[in-house]
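Reproduced below: work-v2.txt, with compact mmCIF, N, CA and C atoms and all ligand atoms.
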```txt
# COMPACT_ATOMS: atom_id res chain seq x y z
N MET A 1 -122.12 11.03 -79.41
CA MET A 1 -121.98 12.44 -79.77
C MET A 1 -123.31 12.95 -80.34
N TYR A 2 -123.73 14.09 -79.85
CA TYR A 2 -124.94 14.74 -80.36
C TYR A 2 -124.54 16.00 -81.12
N GLU A 3 -125.22 16.21 -82.22
CA GLU A 3 -125.01 17.44 -82.99
C GLU A 3 -126.34 18.14 -83.15
N VAL A 4 -126.34 19.44 -82.95
CA VAL A 4 -127.54 20.25 -83.20
C VAL A 4 -127.14 21.43 -84.08
N SER A 5 -128.05 21.82 -84.95
CA SER A 5 -127.77 22.92 -85.87
C SER A 5 -128.92 23.91 -85.83
N ARG A 6 -128.57 25.15 -86.05
CA ARG A 6 -129.58 26.20 -86.18
C ARG A 6 -129.20 27.02 -87.41
N GLU A 7 -130.23 27.34 -88.20
CA GLU A 7 -130.01 28.17 -89.38
C GLU A 7 -130.66 29.52 -89.19
N PHE A 8 -130.02 30.53 -89.76
CA PHE A 8 -130.60 31.87 -89.74
C PHE A 8 -130.06 32.65 -90.93
N GLU A 9 -130.71 33.76 -91.21
CA GLU A 9 -130.34 34.57 -92.38
C GLU A 9 -129.98 35.98 -91.95
N PHE A 10 -129.21 36.64 -92.79
CA PHE A 10 -129.00 38.07 -92.64
C PHE A 10 -128.70 38.66 -94.01
N SER A 11 -129.01 39.93 -94.15
CA SER A 11 -128.80 40.63 -95.41
C SER A 11 -127.57 41.51 -95.29
N TYR A 12 -126.80 41.55 -96.37
CA TYR A 12 -125.59 42.36 -96.33
C TYR A 12 -125.18 42.78 -97.74
N THR A 13 -124.34 43.79 -97.76
CA THR A 13 -123.72 44.24 -98.99
C THR A 13 -122.22 44.00 -98.83
N HIS A 14 -121.55 43.65 -99.91
CA HIS A 14 -120.10 43.50 -99.85
C HIS A 14 -119.51 43.65 -101.25
N ARG A 15 -118.21 43.59 -101.32
CA ARG A 15 -117.52 43.40 -102.57
C ARG A 15 -116.16 42.80 -102.24
N LEU A 16 -115.57 42.16 -103.23
CA LEU A 16 -114.23 41.60 -103.04
C LEU A 16 -113.24 42.59 -103.66
N TRP A 17 -112.40 43.12 -102.83
CA TRP A 17 -111.43 44.11 -103.27
C TRP A 17 -110.29 43.45 -104.02
N ARG A 18 -109.86 44.10 -105.09
CA ARG A 18 -108.79 43.58 -105.96
C ARG A 18 -109.14 42.20 -106.52
N TYR A 19 -110.41 42.05 -106.88
CA TYR A 19 -110.90 40.79 -107.43
C TYR A 19 -111.32 41.06 -108.87
N ASP A 20 -110.84 40.25 -109.78
CA ASP A 20 -111.14 40.43 -111.19
C ASP A 20 -112.38 39.61 -111.56
N GLY A 21 -113.54 40.23 -111.41
CA GLY A 21 -114.79 39.54 -111.70
C GLY A 21 -115.96 40.35 -111.17
N LYS A 22 -117.18 39.83 -111.39
CA LYS A 22 -118.39 40.57 -110.97
C LYS A 22 -118.42 40.87 -109.48
N CYS A 23 -117.86 39.99 -108.67
CA CYS A 23 -117.90 40.18 -107.21
C CYS A 23 -117.01 41.33 -106.74
N GLY A 24 -116.28 41.93 -107.67
CA GLY A 24 -115.51 43.13 -107.33
C GLY A 24 -116.40 44.37 -107.26
N ASN A 25 -117.64 44.24 -107.74
CA ASN A 25 -118.59 45.35 -107.66
C ASN A 25 -119.42 45.21 -106.39
N LEU A 26 -119.81 46.37 -105.83
CA LEU A 26 -120.66 46.37 -104.65
C LEU A 26 -122.00 45.69 -104.99
N HIS A 27 -122.39 44.70 -104.18
CA HIS A 27 -123.65 43.99 -104.41
C HIS A 27 -124.11 43.36 -103.09
N GLY A 28 -125.35 42.86 -103.08
CA GLY A 28 -125.92 42.35 -101.84
C GLY A 28 -126.33 40.89 -101.91
N HIS A 29 -126.48 40.30 -100.72
CA HIS A 29 -126.92 38.91 -100.59
C HIS A 29 -127.85 38.80 -99.38
N ASN A 30 -128.65 37.74 -99.39
CA ASN A 30 -129.33 37.28 -98.18
C ASN A 30 -128.60 36.00 -97.80
N GLY A 31 -127.59 36.14 -96.94
CA GLY A 31 -126.77 35.00 -96.56
C GLY A 31 -127.52 34.10 -95.58
N VAL A 32 -127.26 32.81 -95.69
CA VAL A 32 -127.84 31.83 -94.77
C VAL A 32 -126.69 31.16 -94.01
N VAL A 33 -126.84 31.11 -92.70
CA VAL A 33 -125.81 30.55 -91.83
C VAL A 33 -126.37 29.30 -91.15
N ARG A 34 -125.57 28.26 -91.09
CA ARG A 34 -125.92 27.09 -90.27
C ARG A 34 -124.78 26.87 -89.29
N VAL A 35 -125.10 26.99 -88.02
CA VAL A 35 -124.11 26.73 -86.97
C VAL A 35 -124.41 25.35 -86.40
N THR A 36 -123.42 24.50 -86.38
CA THR A 36 -123.58 23.14 -85.84
C THR A 36 -122.73 22.99 -84.59
N LEU A 37 -123.38 22.56 -83.52
CA LEU A 37 -122.71 22.35 -82.24
C LEU A 37 -122.65 20.86 -81.95
N ALA A 38 -121.66 20.45 -81.20
CA ALA A 38 -121.51 19.03 -80.85
C ALA A 38 -121.26 18.88 -79.36
N GLN A 39 -121.99 17.95 -78.75
CA GLN A 39 -121.84 17.67 -77.32
C GLN A 39 -121.84 16.16 -77.11
N GLU A 40 -121.07 15.72 -76.13
CA GLU A 40 -121.01 14.29 -75.82
C GLU A 40 -122.26 13.80 -75.10
N SER A 41 -122.87 14.67 -74.29
CA SER A 41 -123.96 14.19 -73.44
C SER A 41 -125.13 15.18 -73.43
N LEU A 42 -126.23 14.73 -72.85
CA LEU A 42 -127.44 15.55 -72.73
C LEU A 42 -127.58 16.06 -71.30
N ASP A 43 -128.27 17.19 -71.16
CA ASP A 43 -128.51 17.72 -69.81
C ASP A 43 -129.76 17.08 -69.20
N GLU A 44 -130.20 17.57 -68.06
CA GLU A 44 -131.35 16.99 -67.36
C GLU A 44 -132.63 17.08 -68.18
N SER A 45 -132.69 18.08 -69.09
CA SER A 45 -133.87 18.25 -69.94
C SER A 45 -133.83 17.39 -71.19
N GLY A 46 -132.73 16.68 -71.38
CA GLY A 46 -132.60 15.85 -72.58
C GLY A 46 -132.07 16.62 -73.77
N LEU A 47 -131.46 17.76 -73.51
CA LEU A 47 -130.92 18.61 -74.58
C LEU A 47 -129.39 18.58 -74.56
N SER A 48 -128.80 18.70 -75.73
CA SER A 48 -127.34 18.89 -75.78
C SER A 48 -127.06 20.38 -75.64
N VAL A 49 -127.60 21.17 -76.55
CA VAL A 49 -127.57 22.63 -76.43
C VAL A 49 -128.95 23.13 -76.81
N ASP A 50 -129.53 23.98 -76.00
CA ASP A 50 -130.87 24.52 -76.27
C ASP A 50 -130.81 25.42 -77.51
N PHE A 51 -131.73 25.18 -78.46
CA PHE A 51 -131.78 26.03 -79.66
C PHE A 51 -131.93 27.50 -79.31
N HIS A 52 -132.65 27.78 -78.21
CA HIS A 52 -132.83 29.18 -77.79
C HIS A 52 -131.49 29.81 -77.40
N GLN A 53 -130.61 29.00 -76.83
CA GLN A 53 -129.29 29.53 -76.47
C GLN A 53 -128.54 29.96 -77.73
N MET A 54 -128.67 29.18 -78.80
CA MET A 54 -128.02 29.55 -80.06
C MET A 54 -128.63 30.83 -80.62
N LYS A 55 -129.95 30.95 -80.50
CA LYS A 55 -130.63 32.16 -81.00
C LYS A 55 -130.17 33.40 -80.24
N HIS A 56 -130.04 33.27 -78.93
CA HIS A 56 -129.71 34.44 -78.11
C HIS A 56 -128.21 34.72 -78.01
N THR A 57 -127.40 33.89 -78.62
CA THR A 57 -125.96 34.15 -78.61
C THR A 57 -125.48 34.46 -80.02
N ILE A 58 -125.15 33.44 -80.78
CA ILE A 58 -124.49 33.67 -82.07
C ILE A 58 -125.44 34.29 -83.11
N GLU A 59 -126.70 33.86 -83.13
CA GLU A 59 -127.63 34.45 -84.10
C GLU A 59 -127.85 35.93 -83.80
N SER A 60 -128.02 36.27 -82.54
CA SER A 60 -128.19 37.67 -82.15
C SER A 60 -126.96 38.50 -82.49
N TRP A 61 -125.78 37.90 -82.27
CA TRP A 61 -124.54 38.62 -82.56
C TRP A 61 -124.46 38.97 -84.05
N VAL A 62 -124.77 38.00 -84.90
CA VAL A 62 -124.73 38.26 -86.35
C VAL A 62 -125.75 39.33 -86.71
N GLU A 63 -126.96 39.22 -86.16
CA GLU A 63 -128.00 40.20 -86.48
C GLU A 63 -127.59 41.61 -86.04
N GLU A 64 -127.05 41.72 -84.85
CA GLU A 64 -126.67 43.05 -84.34
C GLU A 64 -125.46 43.64 -85.06
N ASN A 65 -124.53 42.77 -85.45
CA ASN A 65 -123.26 43.28 -86.00
C ASN A 65 -123.19 43.32 -87.52
N TRP A 66 -123.96 42.46 -88.20
CA TRP A 66 -123.80 42.37 -89.65
C TRP A 66 -125.06 42.59 -90.47
N ASP A 67 -126.24 42.41 -89.86
CA ASP A 67 -127.47 42.46 -90.67
C ASP A 67 -127.71 43.85 -91.24
N HIS A 68 -127.99 43.90 -92.54
CA HIS A 68 -128.23 45.14 -93.26
C HIS A 68 -127.07 46.11 -93.16
N LYS A 69 -125.87 45.57 -93.19
CA LYS A 69 -124.67 46.41 -93.18
C LYS A 69 -123.82 46.12 -94.41
N THR A 70 -122.90 47.03 -94.68
CA THR A 70 -121.95 46.84 -95.77
C THR A 70 -120.66 46.31 -95.15
N ILE A 71 -120.24 45.14 -95.59
CA ILE A 71 -119.08 44.47 -95.00
C ILE A 71 -117.96 44.47 -96.03
N LEU A 72 -116.86 45.14 -95.67
CA LEU A 72 -115.76 45.32 -96.62
C LEU A 72 -114.43 44.96 -96.01
N ASN A 73 -113.48 44.64 -96.88
CA ASN A 73 -112.09 44.45 -96.49
C ASN A 73 -111.60 45.77 -95.88
N SER A 74 -110.91 45.70 -94.75
CA SER A 74 -110.44 46.94 -94.09
C SER A 74 -109.48 47.73 -94.98
N ALA A 75 -108.88 47.09 -95.97
CA ALA A 75 -107.96 47.78 -96.89
C ALA A 75 -108.69 48.37 -98.11
N ASP A 76 -109.98 48.11 -98.22
CA ASP A 76 -110.74 48.58 -99.39
C ASP A 76 -110.87 50.11 -99.34
N PRO A 77 -110.41 50.81 -100.37
CA PRO A 77 -110.48 52.28 -100.36
C PRO A 77 -111.91 52.83 -100.39
N LEU A 78 -112.87 51.97 -100.69
CA LEU A 78 -114.27 52.40 -100.67
C LEU A 78 -114.79 52.58 -99.24
N LEU A 79 -114.17 51.89 -98.30
CA LEU A 79 -114.65 51.88 -96.90
C LEU A 79 -114.73 53.29 -96.30
N PRO A 80 -113.66 54.09 -96.30
CA PRO A 80 -113.77 55.42 -95.69
C PRO A 80 -114.76 56.33 -96.42
N ILE A 81 -114.92 56.13 -97.71
CA ILE A 81 -115.86 56.95 -98.49
C ILE A 81 -117.30 56.65 -98.06
N LEU A 82 -117.62 55.37 -97.94
CA LEU A 82 -118.98 54.99 -97.53
C LEU A 82 -119.27 55.40 -96.10
N VAL A 83 -118.27 55.24 -95.22
CA VAL A 83 -118.45 55.64 -93.82
C VAL A 83 -118.73 57.14 -93.75
N LYS A 84 -117.98 57.91 -94.52
CA LYS A 84 -118.17 59.37 -94.54
C LYS A 84 -119.56 59.73 -95.06
N ALA A 85 -120.08 58.92 -95.95
CA ALA A 85 -121.41 59.16 -96.52
C ALA A 85 -122.53 58.65 -95.61
N GLY A 86 -122.16 58.10 -94.45
CA GLY A 86 -123.16 57.67 -93.49
C GLY A 86 -123.64 56.24 -93.66
N VAL A 87 -122.95 55.46 -94.49
CA VAL A 87 -123.33 54.06 -94.67
C VAL A 87 -122.82 53.25 -93.48
N ASP A 88 -123.67 52.37 -92.97
CA ASP A 88 -123.32 51.53 -91.82
C ASP A 88 -122.41 50.40 -92.30
N CYS A 89 -121.12 50.55 -92.06
CA CYS A 89 -120.12 49.60 -92.57
C CYS A 89 -119.47 48.81 -91.45
N VAL A 90 -119.02 47.62 -91.83
CA VAL A 90 -118.23 46.77 -90.95
C VAL A 90 -116.98 46.39 -91.75
N SER A 91 -115.81 46.47 -91.12
CA SER A 91 -114.60 46.06 -91.82
C SER A 91 -114.08 44.76 -91.25
N VAL A 92 -113.54 43.93 -92.14
CA VAL A 92 -112.92 42.67 -91.74
C VAL A 92 -111.49 42.65 -92.29
N ASP A 93 -110.67 41.76 -91.74
CA ASP A 93 -109.24 41.76 -92.05
C ASP A 93 -108.87 41.27 -93.45
N SER A 94 -109.82 40.69 -94.16
CA SER A 94 -109.53 40.20 -95.51
C SER A 94 -110.79 40.38 -96.34
N ASN A 95 -110.77 39.92 -97.57
CA ASN A 95 -111.98 40.05 -98.36
C ASN A 95 -113.15 39.31 -97.70
N PRO A 96 -114.34 39.92 -97.69
CA PRO A 96 -115.50 39.30 -97.03
C PRO A 96 -116.12 38.20 -97.89
N THR A 97 -115.42 37.09 -97.99
CA THR A 97 -115.89 35.93 -98.76
C THR A 97 -116.76 35.03 -97.87
N SER A 98 -117.40 34.08 -98.48
CA SER A 98 -118.20 33.10 -97.71
C SER A 98 -117.32 32.33 -96.75
N GLU A 99 -116.13 31.98 -97.20
CA GLU A 99 -115.20 31.25 -96.33
C GLU A 99 -114.84 32.08 -95.10
N ARG A 100 -114.63 33.38 -95.34
CA ARG A 100 -114.27 34.28 -94.24
C ARG A 100 -115.44 34.45 -93.27
N PHE A 101 -116.66 34.59 -93.80
CA PHE A 101 -117.83 34.71 -92.92
C PHE A 101 -117.99 33.46 -92.07
N ALA A 102 -117.83 32.29 -92.68
CA ALA A 102 -117.96 31.04 -91.92
C ALA A 102 -116.92 30.99 -90.80
N THR A 103 -115.70 31.41 -91.10
CA THR A 103 -114.63 31.40 -90.09
C THR A 103 -114.91 32.39 -88.97
N LEU A 104 -115.33 33.60 -89.33
CA LEU A 104 -115.60 34.62 -88.32
C LEU A 104 -116.75 34.21 -87.40
N ILE A 105 -117.78 33.61 -87.97
CA ILE A 105 -118.92 33.17 -87.15
C ILE A 105 -118.48 32.01 -86.25
N TYR A 106 -117.69 31.10 -86.78
CA TYR A 106 -117.16 29.98 -85.98
C TYR A 106 -116.39 30.54 -84.77
N ASN A 107 -115.47 31.45 -85.05
CA ASN A 107 -114.64 32.01 -83.97
C ASN A 107 -115.48 32.75 -82.94
N GLN A 108 -116.49 33.48 -83.40
CA GLN A 108 -117.35 34.21 -82.47
C GLN A 108 -118.16 33.23 -81.61
N ALA A 109 -118.69 32.17 -82.22
CA ALA A 109 -119.46 31.17 -81.46
C ALA A 109 -118.59 30.51 -80.40
N GLN A 110 -117.35 30.22 -80.77
CA GLN A 110 -116.41 29.61 -79.83
C GLN A 110 -116.11 30.57 -78.67
N LYS A 111 -115.93 31.84 -79.03
CA LYS A 111 -115.66 32.87 -78.02
C LYS A 111 -116.82 32.99 -77.03
N MET A 112 -118.04 32.72 -77.51
CA MET A 112 -119.23 32.79 -76.66
C MET A 112 -119.42 31.53 -75.83
N GLY A 113 -118.49 30.58 -75.97
CA GLY A 113 -118.56 29.36 -75.17
C GLY A 113 -119.40 28.26 -75.77
N LEU A 114 -119.83 28.41 -77.00
CA LEU A 114 -120.64 27.36 -77.64
C LEU A 114 -119.71 26.25 -78.15
N PRO A 115 -120.12 24.99 -78.01
CA PRO A 115 -119.29 23.87 -78.48
C PRO A 115 -119.43 23.69 -80.00
N VAL A 116 -118.96 24.68 -80.73
CA VAL A 116 -119.18 24.71 -82.19
C VAL A 116 -118.32 23.67 -82.89
N LYS A 117 -118.95 22.98 -83.83
CA LYS A 117 -118.25 21.98 -84.64
C LYS A 117 -117.96 22.53 -86.03
N SER A 118 -118.97 23.19 -86.62
CA SER A 118 -118.78 23.73 -87.97
C SER A 118 -119.76 24.86 -88.22
N VAL A 119 -119.42 25.68 -89.20
CA VAL A 119 -120.32 26.74 -89.67
C VAL A 119 -120.39 26.64 -91.18
N ASP A 120 -121.62 26.55 -91.68
CA ASP A 120 -121.87 26.57 -93.13
C ASP A 120 -122.43 27.95 -93.46
N PHE A 121 -121.96 28.48 -94.57
CA PHE A 121 -122.43 29.81 -94.98
C PHE A 121 -122.79 29.78 -96.46
N TRP A 122 -124.08 30.03 -96.75
CA TRP A 122 -124.55 30.10 -98.13
C TRP A 122 -124.63 31.57 -98.55
N GLU A 123 -123.86 31.91 -99.54
CA GLU A 123 -123.96 33.26 -100.10
C GLU A 123 -125.16 33.33 -101.05
N THR A 124 -125.39 32.22 -101.75
CA THR A 124 -126.58 32.06 -102.59
C THR A 124 -127.11 30.66 -102.31
N SER A 125 -128.26 30.32 -102.89
CA SER A 125 -128.81 28.98 -102.66
C SER A 125 -127.94 27.89 -103.27
N LYS A 126 -127.01 28.27 -104.16
CA LYS A 126 -126.18 27.27 -104.82
C LYS A 126 -124.74 27.22 -104.32
N CYS A 127 -124.32 28.24 -103.56
CA CYS A 127 -122.90 28.35 -103.18
C CYS A 127 -122.73 28.40 -101.68
N MET A 128 -122.02 27.40 -101.13
CA MET A 128 -121.84 27.31 -99.68
C MET A 128 -120.37 27.08 -99.35
N ALA A 129 -119.92 27.71 -98.27
CA ALA A 129 -118.59 27.45 -97.73
C ALA A 129 -118.76 26.93 -96.31
N ARG A 130 -117.92 25.97 -95.93
CA ARG A 130 -117.98 25.40 -94.57
C ARG A 130 -116.64 25.61 -93.90
N TYR A 131 -116.70 26.04 -92.63
CA TYR A 131 -115.49 26.08 -91.81
C TYR A 131 -115.64 25.05 -90.72
N CYS A 132 -114.75 24.10 -90.72
CA CYS A 132 -114.81 22.97 -89.77
C CYS A 132 -113.36 22.60 -89.49
N PRO A 133 -112.68 23.33 -88.59
CA PRO A 133 -111.27 23.05 -88.38
C PRO A 133 -111.05 21.67 -87.79
N ASN A 134 -109.96 21.06 -88.21
CA ASN A 134 -109.61 19.76 -87.65
C ASN A 134 -109.14 19.93 -86.22
N LYS A 135 -109.72 19.17 -85.35
CA LYS A 135 -109.27 19.19 -83.96
C LYS A 135 -108.05 18.29 -83.84
N LYS A 136 -107.09 18.75 -83.03
CA LYS A 136 -105.93 17.92 -82.80
C LYS A 136 -106.35 16.72 -81.96
N ARG A 137 -105.92 15.55 -82.37
CA ARG A 137 -106.27 14.35 -81.63
C ARG A 137 -105.29 14.14 -80.48
N SER A 138 -105.86 13.85 -79.32
CA SER A 138 -104.97 13.57 -78.18
C SER A 138 -104.66 12.07 -78.16
N ARG A 139 -103.44 11.74 -77.86
CA ARG A 139 -103.05 10.32 -77.86
C ARG A 139 -102.75 9.84 -76.47
ZN ZN B 1 -121.17 38.48 -103.16
```
Will you turn the file into structure tokens for me?
Ligand SMILES: [Zn+2]
Amino acid sequence: MYEVSREFEFSYTHRLWRYDGKCGNLHGHNGVVRVTLAQESLDESGLSVDFHQMKHTIESWVEENWDHKTILNSADPLLPILVKAGVDCVSVDSNPTSERFATLIYNQAQKMGLPVKSVDFWETSKCMARYCPNKKRSR
């Protein structure tokens, strides 16, 4: 089994709605993402997955859809106010936590046909969430 990872960053603003703590206030991060892919074999070039393919698929998707945007829970009452004020917002189905970002990026990478194994998401240099779903074992 071969594993390859690519890391990239994006900047965003968010808040956790109905959260009792500092993260309930609008604030920003420079998030770091690590996408790890796994393949059983190598191609004719000796690669499992070309790093450029990761850059032009999942990294580009995150940059186009989330970079320098405000990412909020779709139920957050601040969302329509910011949209009306011309702020570039993205809504997600739950609070935009690190765990949620890792899951959304994992699902998007899978949708793009990448053999994704896990996604690590650092909200800060000290705090990371990983999404690595257990695969069902075939017997
Ligand atoms: Zn935060």
**Report entry** Nearest residue to Asn25 (chain A) from the set A:Ser74, A:Asn65, A:Thr13, A:Gly46 (distances using only C-alpha atoms)
**Finding:** A:Thr13
Report task. Please identify all polymer residues within 10 Å of Thr103 (chain A), counting only C-alpha atoms, omitting same-chain residues fewer than 6 positions from it, and present them as an NGL selection string. Result -> :A and (97 or 109 or 118-121 or 129-133)
Requested write-out: N, CA and C atoms of the selected residues, as a CSV table (one decimal), in the frame of the given file:
```csv
chain,number,residue,atom,x,y,z
A,97,THR,N,-115.4,37.1,-98.0
A,97,THR,CA,-115.9,35.9,-98.8
A,97,THR,C,-116.8,35.0,-97.9
A,109,ALA,N,-118.7,32.2,-82.2
A,109,ALA,CA,-119.5,31.2,-81.5
A,109,ALA,C,-118.6,30.5,-80.4
A,118,SER,N,-119.0,23.2,-86.6
A,118,SER,CA,-118.8,23.7,-88.0
A,118,SER,C,-119.8,24.9,-88.2
A,119,VAL,N,-119.4,25.7,-89.2
A,119,VAL,CA,-120.3,26.7,-89.7
A,119,VAL,C,-120.4,26.6,-91.2
A,120,ASP,N,-121.6,26.6,-91.7
A,120,ASP,CA,-121.9,26.6,-93.1
A,120,ASP,C,-122.4,28.0,-93.5
A,121,PHE,N,-122.0,28.5,-94.6
A,121,PHE,CA,-122.4,29.8,-95.0
A,121,PHE,C,-122.8,29.8,-96.5
A,129,ALA,N,-119.9,27.7,-98.3
A,129,ALA,CA,-118.6,27.4,-97.7
A,129,ALA,C,-118.8,26.9,-96.3
A,130,ARG,N,-117.9,26.0,-95.9
A,130,ARG,CA,-118.0,25.4,-94.6
A,130,ARG,C,-116.6,25.6,-93.9
A,131,TYR,N,-116.7,26.0,-92.6
A,131,TYR,CA,-115.5,26.1,-91.8
A,131,TYR,C,-115.6,25.0,-90.7
A,132,CYS,N,-114.8,24.1,-90.7
A,132,CYS,CA,-114.8,23.0,-89.8
A,132,CYS,C,-113.4,22.6,-89.5
A,133,PRO,N,-112.7,23.3,-88.6
A,133,PRO,CA,-111.3,23.0,-88.4
A,133,PRO,C,-111.0,21.7,-87.8
```
Query - Near-Asn30 (chain A) list (6.5 Å; all atoms listed in the file; drop same-chain fewer than 5 positions) as a VMD selection string - result: chain A and resid 9 to 12 122 to 124
Considering all atoms listed in the file, tabulate each residue of chain A that lies at most 7 Å from ligand ZN 1 (chain B) along with its nearest interatomic pair and the corresponding distance in Å to one decimal; arrange the rows by chain and ascending residue number and present them as CSV.
```
residue,atom,partner,partner_atom,distance
A:His14,C,B:ZN1,ZN,5.8
A:Arg15,CA,B:ZN1,ZN,6.2
A:Leu16,N,B:ZN1,ZN,6.7
A:Cys23,CA,B:ZN1,ZN,5.5
A:His27,C,B:ZN1,ZN,5.7
A:Gly28,C,B:ZN1,ZN,5.8
A:His29,N,B:ZN1,ZN,6.1
A:Glu123,CA,B:ZN1,ZN,6.7
```
How close does region 97-122 of chain A get to region 57-62 of chain A? List, as a Markdown table, each residue of region 97-122 of chain A within 8 Å, its nearest atom pair and the distance in Å to one decimal, counting all atoms listed in the file.
```
| residue | atom | partner | partner_atom | distance |
| --- | --- | --- | --- | --- |
| A:Ile105 | C | A:Ile58 | CA | 7.5 |
| A:Gln108 | C | A:Ile58 | CA | 6.4 |
| A:Ala109 | CA | A:Ile58 | CA | 5.7 |
| A:Met112 | CA | A:Thr57 | CA | 7.1 |
```
Requested in this report: Excluding Val87 (chain A) and residues on its chain fewer than 4 positions from it, collect all residues at most 12 Å away from it, counting only C-alpha atoms, and give them as a ChimeraX atom specification.
Outcome: /A:13,68-72,78-83
Query raised in the report: Quick one: distance from CA of Ala102 (chain A) to CA of Val33 (chain A) in Å, one decimal?
Result: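 Going from CA of Ala102 (chain A) over to CA of Val33 (chain A), I get 7.9 Å.
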Taking (-127.3, 23.2, -78.9) in the file's coordinates, which residues come within 9 Å, counting only C-alpha atoms, written as a CSV table (one decimal) with N, CA and C atoms, keeping the file's coordinate frame?
```
chain,number,residue,atom,x,y,z
A,2,TYR,N,-123.7,14.1,-79.8
A,2,TYR,CA,-124.9,14.7,-80.4
A,2,TYR,C,-124.5,16.0,-81.1
A,3,GLU,N,-125.2,16.2,-82.2
A,3,GLU,CA,-125.0,17.4,-83.0
A,3,GLU,C,-126.3,18.1,-83.2
A,4,VAL,N,-126.3,19.4,-83.0
A,4,VAL,CA,-127.5,20.2,-83.2
A,4,VAL,C,-127.1,21.4,-84.1
A,5,SER,N,-128.0,21.8,-85.0
A,5,SER,CA,-127.8,22.9,-85.9
A,5,SER,C,-128.9,23.9,-85.8
A,6,ARG,N,-128.6,25.2,-86.0
A,6,ARG,CA,-129.6,26.2,-86.2
A,6,ARG,C,-129.2,27.0,-87.4
A,36,THR,N,-123.4,24.5,-86.4
A,36,THR,CA,-123.6,23.1,-85.8
A,36,THR,C,-122.7,23.0,-84.6
A,37,LEU,N,-123.4,22.6,-83.5
A,37,LEU,CA,-122.7,22.4,-82.2
A,37,LEU,C,-122.6,20.9,-82.0
A,38,ALA,N,-121.7,20.4,-81.2
A,38,ALA,CA,-121.5,19.0,-80.8
A,38,ALA,C,-121.3,18.9,-79.4
A,39,GLN,N,-122.0,18.0,-78.8
A,39,GLN,CA,-121.8,17.7,-77.3
A,39,GLN,C,-121.8,16.2,-77.1
A,47,LEU,N,-131.5,17.8,-73.5
A,47,LEU,CA,-130.9,18.6,-74.6
A,47,LEU,C,-129.4,18.6,-74.6
A,48,SER,N,-128.8,18.7,-75.7
A,48,SER,CA,-127.3,18.9,-75.8
A,48,SER,C,-127.1,20.4,-75.6
A,49,VAL,N,-127.6,21.2,-76.6
A,49,VAL,CA,-127.6,22.6,-76.4
A,49,VAL,C,-129.0,23.1,-76.8
A,50,ASP,N,-129.5,24.0,-76.0
A,50,ASP,CA,-130.9,24.5,-76.3
A,50,ASP,C,-130.8,25.4,-77.5
A,51,PHE,N,-131.7,25.2,-78.5
A,51,PHE,CA,-131.8,26.0,-79.7
A,51,PHE,C,-131.9,27.5,-79.3
A,52,HIS,N,-132.6,27.8,-78.2
A,52,HIS,CA,-132.8,29.2,-77.8
A,52,HIS,C,-131.5,29.8,-77.4
A,53,GLN,N,-130.6,29.0,-76.8
A,53,GLN,CA,-129.3,29.5,-76.5
A,53,GLN,C,-128.5,30.0,-77.7
A,54,MET,N,-128.7,29.2,-78.8
A,54,MET,CA,-128.0,29.6,-80.1
A,54,MET,C,-128.6,30.8,-80.6
A,114,LEU,N,-119.8,28.4,-77.0
A,114,LEU,CA,-120.6,27.4,-77.6
A,114,LEU,C,-119.7,26.2,-78.2
A,115,PRO,N,-120.1,25.0,-78.0
A,115,PRO,CA,-119.3,23.9,-78.5
A,115,PRO,C,-119.4,23.7,-80.0
A,116,VAL,N,-119.0,24.7,-80.7
A,116,VAL,CA,-119.2,24.7,-82.2
A,116,VAL,C,-118.3,23.7,-82.9
```
Query raised in the report: Mind pulling up the distance from CA of Asn134 (chain A) to CA of Lys117 (chain A)?
Result: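 Computing the Euclidean distance for CA of Lys117 (chain A) and CA of Asn134 (chain A) yields 9.4 Å.
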Requested in this report: Using CA of Cys89 (chain A) and CA of Arg18 (chain A) as the two end points, give the distance in Å to one decimal.
Outcome: 18.5 Å
Report task. Identify all residues of region 21-139 of chain A in alpha helix (DSSP H) (DSSP on the backbone) and supply them as a PyMOL selection string. Result -> chain A and resi 51-54+60-66+78-84+98-111
Report task. Would you mind writing down, as a PyMOL selection string, each residue of chain A that DSSP on the backbone assigns to strand (DSSP E)? Result -> chain A and resi 2-14+27-39+69-73+89-92+116-122+128-131
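Residue nearest Ser125 (chain A), chosen from A:Phe8, A:Val32, A:Asn95, A:Gly113 and counting all atoms listed in the file: A:Val32.
Distances to Ser91 (chain A) were evaluated for A:Met1, A:Leu42, A:Ala75, A:Val35 using only C-alpha atoms, and the minimum falls at A:Ala75.
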